file upload_12.txt (compact mmCIF, C-alpha atoms (C1' of nucleotides))
# COMPACT_ATOMS: atom_id res chain seq x y z
CA MET A 1 105.55 77.87 105.60
CA THR A 2 102.14 78.97 104.53
CA GLY A 3 103.06 79.47 100.93
CA SER A 4 101.24 82.74 101.01
CA THR A 5 103.04 85.35 99.02
CA ARG A 6 103.88 88.45 100.96
CA PRO A 7 101.08 90.90 100.37
CA PRO A 8 102.13 94.20 98.91
CA SER A 9 102.87 96.80 101.53
CA LYS A 10 99.99 98.86 102.79
CA PHE A 11 101.80 101.84 101.47
CA LEU A 12 101.73 100.60 97.87
CA ALA A 13 98.24 99.24 98.34
CA ALA A 14 97.11 102.66 99.47
CA ILE A 15 98.57 104.28 96.38
CA ALA A 16 96.91 101.76 94.13
CA GLN A 17 93.56 102.09 95.83
CA ILE A 18 93.69 105.85 95.82
CA GLN A 19 94.42 105.79 92.13
CA GLU A 20 91.59 103.37 91.63
CA MET A 21 89.26 105.59 93.60
CA ILE A 22 90.21 108.59 91.53
CA LYS A 23 89.54 106.70 88.36
CA THR A 24 86.26 105.22 89.55
CA ASP A 25 84.91 108.49 90.82
CA ARG A 26 86.14 110.25 87.70
CA LEU A 27 87.90 112.89 89.71
CA GLN A 28 89.40 115.74 87.74
CA SER A 29 92.24 118.13 88.35
CA GLY A 30 91.29 120.42 91.19
CA ASP A 31 88.80 118.04 92.70
CA LYS A 32 89.08 117.21 96.33
CA ILE A 33 89.89 113.72 97.43
CA PRO A 34 88.67 112.26 100.71
CA SER A 35 90.41 113.26 103.89
CA GLU A 36 93.22 111.19 105.31
CA ARG A 37 91.04 109.92 108.10
CA GLU A 38 88.26 108.95 105.74
CA LEU A 39 90.68 107.20 103.42
CA SER A 40 92.09 105.41 106.41
CA ASP A 41 88.60 104.23 107.29
CA ARG A 42 87.46 103.30 103.82
CA LEU A 43 90.62 101.44 102.94
CA SER A 44 91.05 99.93 106.40
CA ILE A 45 94.61 101.17 106.44
CA GLY A 46 96.20 103.11 109.23
CA ARG A 47 96.40 106.81 108.76
CA SER A 48 100.19 106.66 108.83
CA SER A 49 100.28 104.42 105.80
CA VAL A 50 97.73 106.53 104.01
CA ARG A 51 99.86 109.54 104.71
CA GLU A 52 102.96 107.85 103.37
CA ALA A 53 101.12 107.20 100.16
CA LEU A 54 99.79 110.73 99.93
CA ARG A 55 103.18 112.27 100.65
CA ALA A 56 104.72 110.19 97.90
CA LEU A 57 102.03 111.24 95.45
CA GLU A 58 102.52 114.80 96.54
CA LEU A 59 106.21 114.62 95.89
CA LEU A 60 105.43 113.33 92.44
CA GLY A 61 103.32 116.42 91.95
CA LEU A 62 100.16 114.44 91.46
CA ILE A 63 98.25 115.83 94.40
CA GLU A 64 98.37 118.96 96.44
CA THR A 65 97.62 119.28 100.11
CA ARG A 66 96.35 122.34 101.85
CA ARG A 67 96.47 122.30 105.60
CA GLY A 68 93.12 122.87 107.16
CA GLU A 69 91.36 122.32 103.86
CA GLY A 70 92.11 119.02 102.28
CA THR A 71 93.89 117.21 99.53
CA TYR A 72 93.32 118.05 95.91
CA LEU A 73 94.08 116.45 92.62
CA ARG A 74 96.57 118.42 90.70
CA ASP A 75 97.22 119.15 87.11
CA PHE A 76 100.35 117.64 85.75
CA ASN A 77 102.82 120.45 85.93
CA ASN A 78 105.39 118.64 87.75
CA HIS A 79 107.53 121.10 89.60
CA GLN A 80 109.26 118.80 91.97
CA LEU A 81 110.34 115.94 89.86
CA VAL A 82 113.21 117.17 87.77
CA PRO A 83 114.97 119.16 90.46
CA LEU A 84 114.58 116.34 92.90
CA ILE A 85 115.83 113.67 90.61
CA GLY A 86 118.48 115.99 89.35
CA ALA A 87 119.74 116.54 92.83
CA PHE A 88 120.18 112.83 93.23
CA ILE A 89 121.67 111.87 89.91
CA PHE A 90 124.01 114.70 89.34
CA ASP A 91 125.91 116.13 92.23
CA GLY A 92 123.57 119.03 92.39
CA ASP A 93 121.81 120.49 89.41
CA PRO A 94 122.05 119.14 85.95
CA SER A 95 124.17 121.27 83.70
CA LYS A 96 122.19 124.01 82.06
CA GLU A 97 123.73 122.99 78.77
CA ASP A 98 122.44 119.47 79.19
CA VAL A 99 118.97 120.64 79.98
CA ARG A 100 118.91 122.90 76.97
CA ASP A 101 120.13 120.11 74.75
CA VAL A 102 117.52 117.69 75.96
CA LYS A 103 114.83 120.27 75.47
CA ALA A 104 116.01 120.94 71.95
CA ILE A 105 116.16 117.22 71.27
CA LEU A 106 112.55 116.79 72.29
CA GLU A 107 111.55 119.68 70.10
CA LEU A 108 113.51 118.30 67.19
CA GLY A 109 111.74 115.02 67.71
CA CYS A 110 108.43 116.77 67.82
CA LEU A 111 109.16 118.38 64.48
CA ALA A 112 110.24 115.03 63.08
CA ILE A 113 106.92 113.51 64.09
CA LEU A 114 105.05 116.34 62.47
CA SER A 115 107.17 115.98 59.37
CA ARG A 116 106.47 112.28 59.23
CA LYS A 117 102.79 112.98 59.47
CA SER A 118 102.54 115.61 56.80
CA GLY A 119 104.91 113.98 54.39
CA ALA A 120 108.05 115.32 52.77
CA ASP A 121 109.26 118.89 52.64
CA PHE A 122 108.06 119.78 56.04
CA THR A 123 108.57 123.34 57.06
CA ARG A 124 108.74 124.30 60.66
CA PRO A 125 105.37 125.86 61.33
CA GLU A 126 104.97 129.23 62.86
CA SER A 127 102.90 128.28 65.82
CA SER A 128 104.20 128.11 69.35
CA PHE A 129 105.84 125.00 70.59
CA GLU A 130 103.00 124.25 72.91
CA GLN A 131 100.80 123.96 69.88
CA GLN A 132 103.27 121.91 67.95
CA ILE A 133 103.70 119.54 70.82
CA GLU A 134 99.95 119.15 70.98
CA ALA A 135 99.80 118.57 67.25
CA ALA A 136 102.37 115.82 67.52
CA ASP A 137 99.76 114.05 69.63
CA ASN A 138 102.12 112.14 71.84
CA LYS A 139 101.22 112.63 75.45
CA LEU A 140 104.37 111.12 76.78
CA LEU A 141 106.47 113.44 74.67
CA ARG A 142 104.38 116.37 75.70
CA ASN A 143 104.71 115.67 79.38
CA ILE A 144 108.43 115.09 79.32
CA TRP A 145 108.82 118.27 77.34
CA LYS A 146 106.73 120.15 79.84
CA ILE A 147 108.92 119.02 82.70
CA ILE A 148 112.10 119.96 80.91
CA ALA A 149 110.75 123.21 79.54
CA ASP A 150 109.56 124.16 82.98
CA TYR A 151 113.03 123.62 84.25
CA ALA A 152 114.91 125.20 81.39
CA GLY A 153 112.62 128.12 81.00
CA SER A 154 110.45 128.29 77.96
CA GLU A 155 112.37 130.81 75.95
CA PRO A 156 112.51 129.38 72.46
CA ASP A 157 116.23 128.74 72.01
CA ASN A 158 115.91 128.36 68.29
CA GLU A 159 119.65 128.42 67.86
CA ARG A 160 120.17 125.20 69.68
CA LEU A 161 117.35 123.55 67.84
CA LYS A 162 118.77 124.60 64.48
CA GLU A 163 122.16 123.39 65.54
CA LEU A 164 120.87 119.95 66.39
CA LEU A 165 118.76 119.82 63.28
CA ALA A 166 121.80 120.60 61.16
CA ALA A 167 123.74 117.94 63.02
CA ALA A 168 120.97 115.43 62.47
CA LYS A 169 121.04 116.06 58.77
CA GLN A 170 124.68 115.04 58.70
CA ILE A 171 123.96 111.63 60.09
CA GLN A 172 124.50 108.81 57.68
CA TYR A 173 122.66 105.85 59.00
CA LEU A 174 124.27 102.52 58.38
CA LYS A 175 121.99 99.68 57.55
CA HIS A 176 123.46 96.45 58.73
CA GLN A 177 121.91 93.36 60.10
CA MET B 1 100.55 138.47 111.64
CA THR B 2 103.94 137.49 112.89
CA GLY B 3 105.60 137.81 109.56
CA SER B 4 107.32 134.53 110.17
CA THR B 5 107.37 132.47 107.03
CA ARG B 6 105.93 129.02 107.44
CA PRO B 7 108.80 126.62 107.81
CA PRO B 8 108.92 123.92 105.19
CA SER B 9 107.20 120.75 106.26
CA LYS B 10 109.22 118.23 108.19
CA PHE B 11 108.54 115.85 105.39
CA LEU B 12 110.30 118.01 102.83
CA ALA B 13 112.98 118.95 105.30
CA ALA B 14 113.66 115.28 105.85
CA ILE B 15 114.04 114.68 102.14
CA ALA B 16 116.40 117.59 101.80
CA GLN B 17 118.48 116.55 104.77
CA ILE B 18 118.66 112.97 103.67
CA GLN B 19 119.85 114.11 100.28
CA GLU B 20 122.37 116.35 101.95
CA MET B 21 123.56 113.50 104.10
CA ILE B 22 123.99 111.27 101.10
CA LYS B 23 125.99 113.93 99.37
CA THR B 24 128.13 114.75 102.38
CA ASP B 25 128.91 111.16 103.15
CA ARG B 26 129.52 110.45 99.48
CA LEU B 27 127.19 107.49 99.53
CA GLN B 28 127.08 105.42 96.38
CA SER B 29 124.50 103.16 94.86
CA GLY B 30 124.08 100.11 97.00
CA ASP B 31 125.32 101.79 100.13
CA LYS B 32 123.22 101.60 103.22
CA ILE B 33 121.73 104.72 104.68
CA PRO B 34 121.06 105.11 108.40
CA SER B 35 118.04 103.40 109.88
CA GLU B 36 114.76 105.19 110.24
CA ARG B 37 115.19 105.49 113.96
CA GLU B 38 118.69 106.87 113.65
CA LEU B 39 117.60 109.36 111.02
CA SER B 40 114.79 110.36 113.29
CA ASP B 41 117.29 110.99 116.06
CA ARG B 42 119.93 112.75 114.02
CA LEU B 43 117.49 115.00 112.25
CA SER B 44 115.32 115.55 115.28
CA ILE B 45 112.29 114.61 113.24
CA GLY B 46 109.70 112.08 114.24
CA ARG B 47 110.01 108.69 112.72
CA SER B 48 106.66 109.13 110.95
CA SER B 49 107.95 112.09 109.02
CA VAL B 50 111.19 110.35 108.22
CA ARG B 51 109.21 107.43 106.94
CA GLU B 52 107.05 109.66 104.77
CA ALA B 53 110.19 111.03 103.21
CA LEU B 54 111.70 107.60 102.70
CA ARG B 55 108.52 106.18 101.20
CA ALA B 56 108.40 109.05 98.75
CA LEU B 57 112.01 108.53 97.77
CA GLU B 58 111.32 104.84 97.43
CA LEU B 59 108.44 105.48 95.11
CA LEU B 60 110.73 107.60 93.03
CA GLY B 61 113.02 104.63 92.82
CA LEU B 62 115.85 106.43 94.53
CA ILE B 63 116.13 104.11 97.49
CA GLU B 64 115.24 100.56 98.26
CA THR B 65 114.10 99.20 101.58
CA ARG B 66 114.57 95.69 102.80
CA ARG B 67 112.64 94.73 105.87
CA GLY B 68 114.83 93.48 108.62
CA GLU B 69 117.92 94.77 106.89
CA GLY B 70 117.78 98.43 106.16
CA THR B 71 117.47 101.06 103.48
CA TYR B 72 119.82 101.22 100.56
CA LEU B 73 120.66 103.72 97.91
CA ARG B 74 119.61 102.51 94.58
CA ASP B 75 120.92 102.81 91.11
CA PHE B 76 118.88 104.98 88.92
CA ASN B 77 116.85 102.48 86.97
CA ASN B 78 113.60 103.88 87.78
CA HIS B 79 111.02 101.18 87.52
CA GLN B 80 108.19 102.89 89.24
CA LEU B 81 108.19 106.32 87.81
CA VAL B 82 106.97 106.02 84.28
CA PRO B 83 104.25 103.48 84.94
CA LEU B 84 103.05 105.39 87.92
CA ILE B 85 102.94 108.71 86.20
CA GLY B 86 101.57 107.05 83.14
CA ALA B 87 98.74 105.62 85.15
CA PHE B 88 97.81 109.08 86.27
CA ILE B 89 98.25 111.05 83.09
CA PHE B 90 96.86 108.64 80.62
CA ASP B 91 93.95 106.52 81.60
CA GLY B 92 96.21 103.60 82.03
CA ASP B 93 99.39 103.01 80.12
CA PRO B 94 100.83 105.34 77.60
CA SER B 95 100.47 104.10 74.07
CA LYS B 96 103.23 101.75 73.06
CA GLU B 97 103.62 103.76 69.91
CA ASP B 98 104.19 106.90 71.88
CA VAL B 99 106.79 105.29 74.05
CA ARG B 100 108.65 103.94 71.05
CA ASP B 101 108.58 107.32 69.39
CA VAL B 102 109.95 109.09 72.40
CA LYS B 103 112.68 106.54 72.75
CA ALA B 104 113.64 106.98 69.11
CA ILE B 105 113.57 110.72 69.52
CA LEU B 106 116.02 110.56 72.36
CA GLU B 107 118.27 108.31 70.35
CA LEU B 108 118.08 110.59 67.37
CA GLY B 109 119.01 113.45 69.63
CA CYS B 110 121.89 111.48 70.99
CA LEU B 111 123.19 110.92 67.50
CA ALA B 112 122.77 114.59 66.74
CA ILE B 113 124.88 115.51 69.73
CA LEU B 114 127.56 113.09 68.66
CA SER B 115 127.41 114.45 65.15
CA ARG B 116 127.76 117.98 66.42
CA LYS B 117 130.79 116.96 68.39
CA SER B 118 132.62 115.14 65.67
CA GLY B 119 131.80 117.56 62.91
CA ALA B 120 130.14 116.96 59.57
CA ASP B 121 129.48 113.68 57.85
CA PHE B 122 128.75 111.79 60.95
CA THR B 123 128.06 108.13 60.52
CA ARG B 124 126.07 106.24 63.05
CA PRO B 125 128.67 104.28 64.94
CA GLU B 126 128.47 100.60 65.46
CA SER B 127 128.55 100.56 69.18
CA SER B 128 125.56 99.85 71.36
CA PHE B 129 123.26 102.61 72.31
CA GLU B 130 124.34 102.46 75.89
CA GLN B 131 127.80 103.39 74.74
CA GLN B 132 126.57 106.10 72.44
CA ILE B 133 124.47 107.61 75.16
CA GLU B 134 127.50 107.63 77.40
CA ALA B 135 129.59 109.21 74.66
CA ALA B 136 127.06 111.97 74.27
CA ASP B 137 127.98 112.88 77.82
CA ASN B 138 124.64 114.29 78.84
CA LYS B 139 123.49 112.74 82.06
CA LEU B 140 120.00 114.08 81.86
CA LEU B 141 119.57 112.63 78.40
CA ARG B 142 121.02 109.35 79.55
CA ASN B 143 118.71 109.03 82.48
CA ILE B 144 115.56 109.91 80.63
CA TRP B 145 116.55 107.46 77.95
CA LYS B 146 117.11 104.79 80.57
CA ILE B 147 113.64 105.27 81.97
CA ILE B 148 112.02 105.12 78.59
CA ALA B 149 114.15 102.28 77.32
CA ASP B 150 113.37 100.33 80.42
CA TYR B 151 109.72 100.77 79.74
CA ALA B 152 109.84 100.20 76.02
CA GLY B 153 112.20 97.33 76.13
CA SER B 154 115.69 97.81 74.86
CA GLU B 155 115.39 96.10 71.55
CA PRO B 156 117.01 98.48 69.06
CA ASP B 157 114.06 99.47 66.88
CA ASN B 158 116.28 100.84 64.17
CA GLU B 159 113.37 101.21 61.82
CA ARG B 160 111.69 103.83 63.90
CA LEU B 161 114.92 105.69 64.38
CA LYS B 162 115.60 105.73 60.67
CA GLU B 163 112.09 106.88 60.04
CA LEU B 164 112.45 109.82 62.36
CA LEU B 165 115.88 110.63 61.01
CA ALA B 166 114.51 110.73 57.50
CA ALA B 167 111.68 112.93 58.69
CA ALA B 168 114.12 115.24 60.41
CA LYS B 169 116.08 115.66 57.21
CA GLN B 170 112.98 116.96 55.52
CA ILE B 171 112.55 119.78 57.95
CA GLN B 172 113.15 123.18 56.50
CA TYR B 173 113.76 125.50 59.35
CA LEU B 174 112.47 129.00 58.91
CA LYS B 175 114.64 131.76 60.23
CA HIS B 176 112.55 134.69 61.20
CA GLN B 177 112.93 137.28 63.83
C1' DG C 1 72.67 143.82 108.12
C1' DC C 2 77.35 143.18 109.86
C1' DT C 3 81.16 141.57 112.71
C1' DC C 4 82.99 138.45 115.96
C1' DT C 5 83.26 134.18 118.16
C1' DT C 6 83.16 129.40 118.16
C1' DA C 7 82.99 124.60 116.77
C1' DG C 8 84.27 121.15 113.70
C1' DG C 9 87.05 119.27 110.15
C1' DT C 10 91.58 118.99 107.96
C1' DG C 11 96.44 118.25 107.37
C1' DG C 12 101.14 118.07 110.26
C1' DT C 13 103.67 115.84 113.70
C1' DC C 14 105.16 113.04 117.49
C1' DT C 15 105.19 109.06 120.48
C1' DG C 16 104.83 104.50 121.86
C1' DA C 17 103.64 100.16 120.95
C1' DC C 18 103.52 96.03 118.47
C1' DC C 19 104.66 92.74 114.48
C1' DA C 20 107.58 90.40 110.81
C1' DC C 21 111.84 89.70 109.34
C1' DA C 22 117.08 89.18 108.80
C1' DC C 23 121.36 88.55 110.66
C1' DA C 24 124.86 87.36 114.03
C1' DA C 25 126.24 85.80 118.32
C1' DT C 26 125.52 82.40 121.51
C1' DT C 27 124.39 78.13 123.28
C1' DC C 28 123.62 73.38 123.05
C1' DC C 29 124.20 68.73 121.63
C1' DC C 30 126.70 65.14 119.45
C1' DG D 1 135.84 70.65 118.08
C1' DG D 2 132.11 71.22 114.92
C1' DG D 3 127.70 71.68 113.38
C1' DA D 4 122.88 72.80 114.43
C1' DA D 5 119.39 75.06 117.05
C1' DT D 6 118.36 79.07 119.91
C1' DT D 7 118.28 83.60 121.23
C1' DG D 8 119.19 88.58 120.88
C1' DT D 9 119.26 92.69 118.60
C1' DG D 10 118.38 95.71 115.00
C1' DT D 11 115.58 96.75 111.09
C1' DG D 12 111.48 98.08 108.41
C1' DG D 13 105.96 97.83 108.56
C1' DT D 14 101.93 99.19 110.78
C1' DC D 15 98.75 100.98 113.92
C1' DA D 16 96.40 103.97 117.40
C1' DG D 17 96.15 107.94 119.93
C1' DA D 18 97.31 112.28 121.03
C1' DC D 19 98.31 117.00 120.24
C1' DC D 20 99.02 121.23 117.23
C1' DA D 21 98.13 124.73 113.41
C1' DC D 22 95.08 126.01 110.24
C1' DC D 23 90.80 126.88 107.54
C1' DT D 24 85.97 127.31 106.98
C1' DA D 25 81.40 128.00 108.06
C1' DA D 26 77.76 128.26 111.32
C1' DG D 27 76.16 130.68 114.98
C1' DA D 28 75.92 134.54 118.54
C1' DG D 29 75.89 139.21 119.51
C1' DC D 30 75.56 143.91 118.20
call {"tool": "encode", "arguments": {"input": "upload_12.txt", "output": "structure tokens"}}
result
Amino acid sequence: MTGSTRPPSKFLAAIAQIQEMIKTDRLQSGDKIPSERELSDRLSIGRSSVREALRALELLGLIETRRGEGTYLRDFNNHQLVPLIGAFIFDGDPSKEDVRDVKAILELGCLAILSRKSGADFTRPESSFEQQIEAADNKLLRNIWKIIADYAGSEPDNERLKELLAAAKQIQYLKHQ
Amino acid sequence: MTGSTRPPSKFLAAIAQIQEMIKTDRLQSGDKIPSERELSDRLSIGRSSVREALRALELLGLIETRRGEGTYLRDFNNHQLVPLIGAFIFDGDPSKEDVRDVKAILELGCLAILSRKSGADFTRPESSFEQQIEAADNKLLRNIWKIIADYAGSEPDNERLKELLAAAKQIQYLKHQ
DNA sequence: GCTCTTAGGTGGTCTGACCACACAATTCCC
DNA sequence: GGGAATTGTGTGGTCAGACCACCTAAGAGC
């Protein structure tokens, strides 16, 4: 027994180091990252392991690979994630109804944040939802919304939003503790 | 120009086929999936490519691998996803405030769905949020909530929820079109 | 100048070889 | 016989090398 803790797998190490490299070198969306062979050299990790890391990041939509050219950092418009996860969790695609509800919920929440910011008597502004989401200034919310909206289609669906808003207004919250 | 469309990469094909296999064989969480070598054989895909697919699925939190034992289907409590994506999108972790807001938003939305179902004058029920999320019967909502709650910690945070609910009640929705 | 060829670099894939580990069957000793 | 040590087999983890398909740019030829 050496007492040495098992080192993290090369695969995870590669992901971490690639992330670190991106951060250190201040790489932006669209920038090229080093080739697999160079990464393998620089990180002293076999190319297979580097590839496993890159494939995983690719599946997450974080990078994009172009055969014959290289690997590029990608903007966060995650195409793969929701369908992929959906396919695993549900037996197939998530119900369209569910997706629309979740989208409306996020938008309702966005409006609630804006309302909280600007005080009482908040009126739904006229701007597009992209703008409202930006105004809410919550990156996590924005990104989740983007994923869902991408999947649901970005037609407004004001009806559903109004419906949920009306429902929300009926909620009597019990204070108790 | 042969006109032949480029076949999807073996890597993606492997993911698809593994998913298909899981579905066909009705594998549940905790079940073991075939070994890498067997998958390689059955799918006629090199072990490297199978591994790339498995690593990606592992990073997504969909499977779990245990050296010396095998690969197992995992319950969907995605540890990796949010931190990983967070690390890429934000420069580091998403703001705690943001995470708490999104969690509250999802819970507010859950209540709104329940309210819509049970008609007017809905009172926030006493049961735990797990139960309420289940009652809302929206798997997508449930799973997103699980991810966020896992990250935020599952302490109730009723204050934030009430705050957003109050804000939502102030929203005057403009009908126009 | 322009086109065509060529060389080099890149990702995509496969194979074979090890290692580290976990489990079960087997053997061995008492 | 029963328990402990050994071995065998299967698994994931990793690496190195070899091709292939593809893209780009530099060079050759006109």
call {"tool": "interface_residues", "arguments": {"input": "upload_12.txt", "of": "chain C", "to": "chain B", "cutoff": "9 Å", "atoms": "all atoms listed in the file", "output": "count of residues only"}}
result
8
call {"tool": "atom_distance", "arguments": {"input": "upload_12.txt", "atom1": "CA of Glu97 (chain B)", "atom2": "CA of Ser118 (chain A)"}}
result
17.7 Å
call {"tool": "residues_around", "arguments": {"input": "upload_12.txt", "residues": "Trp145 (chain B)", "least_positions_apart": "6", "cutoff": "8 Å", "atoms": "only C-alpha atoms (C1' of nucleotides)", "output": "PyMOL selection string"}}
result
chain B and resi 103+106-107
call {"tool": "interface_residues", "arguments": {"input": "upload_12.txt", "of": "chain D", "to": "chain B", "cutoff": "9 Å", "atoms": "all atoms listed in the file", "output": "ChimeraX atom specification"}}
result
/D:10-13
call {"tool": "write_last_selection", "arguments": {"input": "upload_12.txt", "atoms": "C-alpha atoms (C1' of nucleotides)", "output": "compact mmCIF listing (two decimals), in the frame of the given file"}}
result
# COMPACT_ATOMS: atom_id res chain seq x y z
C1' DG D 10 118.38 95.71 115.00
C1' DT D 11 115.58 96.75 111.09
C1' DG D 12 111.48 98.08 108.41
C1' DG D 13 105.96 97.83 108.56
call {"tool": "closest_residue", "arguments": {"input": "upload_12.txt", "among": "A:Pro34, A:Glu134, A:Leu43, A:Ser29", "to": "Gly61 (chain A)", "atoms": "all atoms listed in the file"}}
result
A:Ser29
call {"tool": "interface_residues", "arguments": {"input": "upload_12.txt", "of": "chain B", "to": "chain A", "cutoff": "7 Å", "atoms": "all atoms listed in the file", "output": "ChimeraX atom specification"}}
result
/B:52,55-56,59,94,98-99,102,105-106,109,112-113,115-116,120-124,138,140-141,164,167-174
call {"tool": "write_last_selection", "arguments": {"input": "upload_12.txt", "atoms": "C-alpha atoms", "output": "mmCIF file, in the frame of the given file"}}
result
data_model
loop_
_atom_site.group_PDB
_atom_site.id
_atom_site.type_symbol
_atom_site.label_atom_id
_atom_site.label_comp_id
_atom_site.auth_asym_id
_atom_site.auth_seq_id
_atom_site.Cartn_x
_atom_site.Cartn_y
_atom_site.Cartn_z
ATOM 1 C CA GLU B 52 107.050 109.660 104.770
ATOM 2 C CA ARG B 55 108.520 106.180 101.200
ATOM 3 C CA ALA B 56 108.400 109.050 98.750
ATOM 4 C CA LEU B 59 108.440 105.480 95.110
ATOM 5 C CA PRO B 94 100.830 105.340 77.600
ATOM 6 C CA ASP B 98 104.190 106.900 71.880
ATOM 7 C CA VAL B 99 106.790 105.290 74.050
ATOM 8 C CA VAL B 102 109.950 109.090 72.400
ATOM 9 C CA ILE B 105 113.570 110.720 69.520
ATOM 10 C CA LEU B 106 116.020 110.560 72.360
ATOM 11 C CA GLY B 109 119.010 113.450 69.630
ATOM 12 C CA ALA B 112 122.770 114.590 66.740
ATOM 13 C CA ILE B 113 124.880 115.510 69.730
ATOM 14 C CA SER B 115 127.410 114.450 65.150
ATOM 15 C CA ARG B 116 127.760 117.980 66.420
ATOM 16 C CA ALA B 120 130.140 116.960 59.570
ATOM 17 C CA ASP B 121 129.480 113.680 57.850
ATOM 18 C CA PHE B 122 128.750 111.790 60.950
ATOM 19 C CA THR B 123 128.060 108.130 60.520
ATOM 20 C CA ARG B 124 126.070 106.240 63.050
ATOM 21 C CA ASN B 138 124.640 114.290 78.840
ATOM 22 C CA LEU B 140 120.000 114.080 81.860
ATOM 23 C CA LEU B 141 119.570 112.630 78.400
ATOM 24 C CA LEU B 164 112.450 109.820 62.360
ATOM 25 C CA ALA B 167 111.680 112.930 58.690
ATOM 26 C CA ALA B 168 114.120 115.240 60.410
ATOM 27 C CA LYS B 169 116.080 115.660 57.210
ATOM 28 C CA GLN B 170 112.980 116.960 55.520
ATOM 29 C CA ILE B 171 112.550 119.780 57.950
ATOM 30 C CA GLN B 172 113.150 123.180 56.500
ATOM 31 C CA TYR B 173 113.760 125.500 59.350
ATOM 32 C CA LEU B 174 112.470 129.000 58.910
#
call {"tool": "decode", "arguments": {"input": "upload_12.txt", "residues": "region 157-170 of chain A", "atoms": "N, CA and C atoms", "output": "CSV table (one decimal), in the first residue's frame"}}
result
chain,number,residue,atom,x,y,z
A,157,ASP,N,-44.8,32.1,-28.5
A,157,ASP,CA,-45.6,31.4,-27.6
A,157,ASP,C,-46.1,32.2,-26.4
A,158,ASN,N,-46.6,33.3,-26.7
A,158,ASN,CA,-47.1,34.2,-25.6
A,158,ASN,C,-48.3,33.6,-24.9
A,159,GLU,N,-49.0,32.8,-25.5
A,159,GLU,CA,-50.2,32.2,-24.9
A,159,GLU,C,-49.8,31.4,-23.7
A,160,ARG,N,-48.8,30.6,-23.9
A,160,ARG,CA,-48.4,29.7,-22.8
A,160,ARG,C,-47.8,30.5,-21.6
A,161,LEU,N,-47.1,31.6,-22.0
A,161,LEU,CA,-46.5,32.4,-21.0
A,161,LEU,C,-47.6,33.1,-20.2
A,162,LYS,N,-48.6,33.6,-20.9
A,162,LYS,CA,-49.7,34.3,-20.2
A,162,LYS,C,-50.4,33.3,-19.2
A,163,GLU,N,-50.6,32.1,-19.7
A,163,GLU,CA,-51.3,31.1,-19.0
A,163,GLU,C,-50.5,30.8,-17.7
A,164,LEU,N,-49.2,30.6,-17.8
A,164,LEU,CA,-48.4,30.3,-16.6
A,164,LEU,C,-48.4,31.5,-15.6
A,165,LEU,N,-48.4,32.7,-16.3
A,165,LEU,CA,-48.3,33.9,-15.4
A,165,LEU,C,-49.6,34.0,-14.6
A,166,ALA,N,-50.7,33.8,-15.3
A,166,ALA,CA,-52.0,33.8,-14.6
A,166,ALA,C,-52.1,32.8,-13.5
A,167,ALA,N,-51.5,31.6,-13.8
A,167,ALA,CA,-51.5,30.5,-12.8
A,167,ALA,C,-50.7,30.9,-11.6
A,168,ALA,N,-49.5,31.6,-11.9
A,168,ALA,CA,-48.7,32.0,-10.8
A,168,ALA,C,-49.4,33.0,-9.9
A,169,LYS,N,-50.2,33.8,-10.5
A,169,LYS,CA,-50.8,34.9,-9.7
A,169,LYS,C,-51.8,34.3,-8.8
A,170,GLN,N,-52.2,33.0,-9.0
A,170,GLN,CA,-53.2,32.4,-8.2
A,170,GLN,C,-52.6,31.7,-7.0
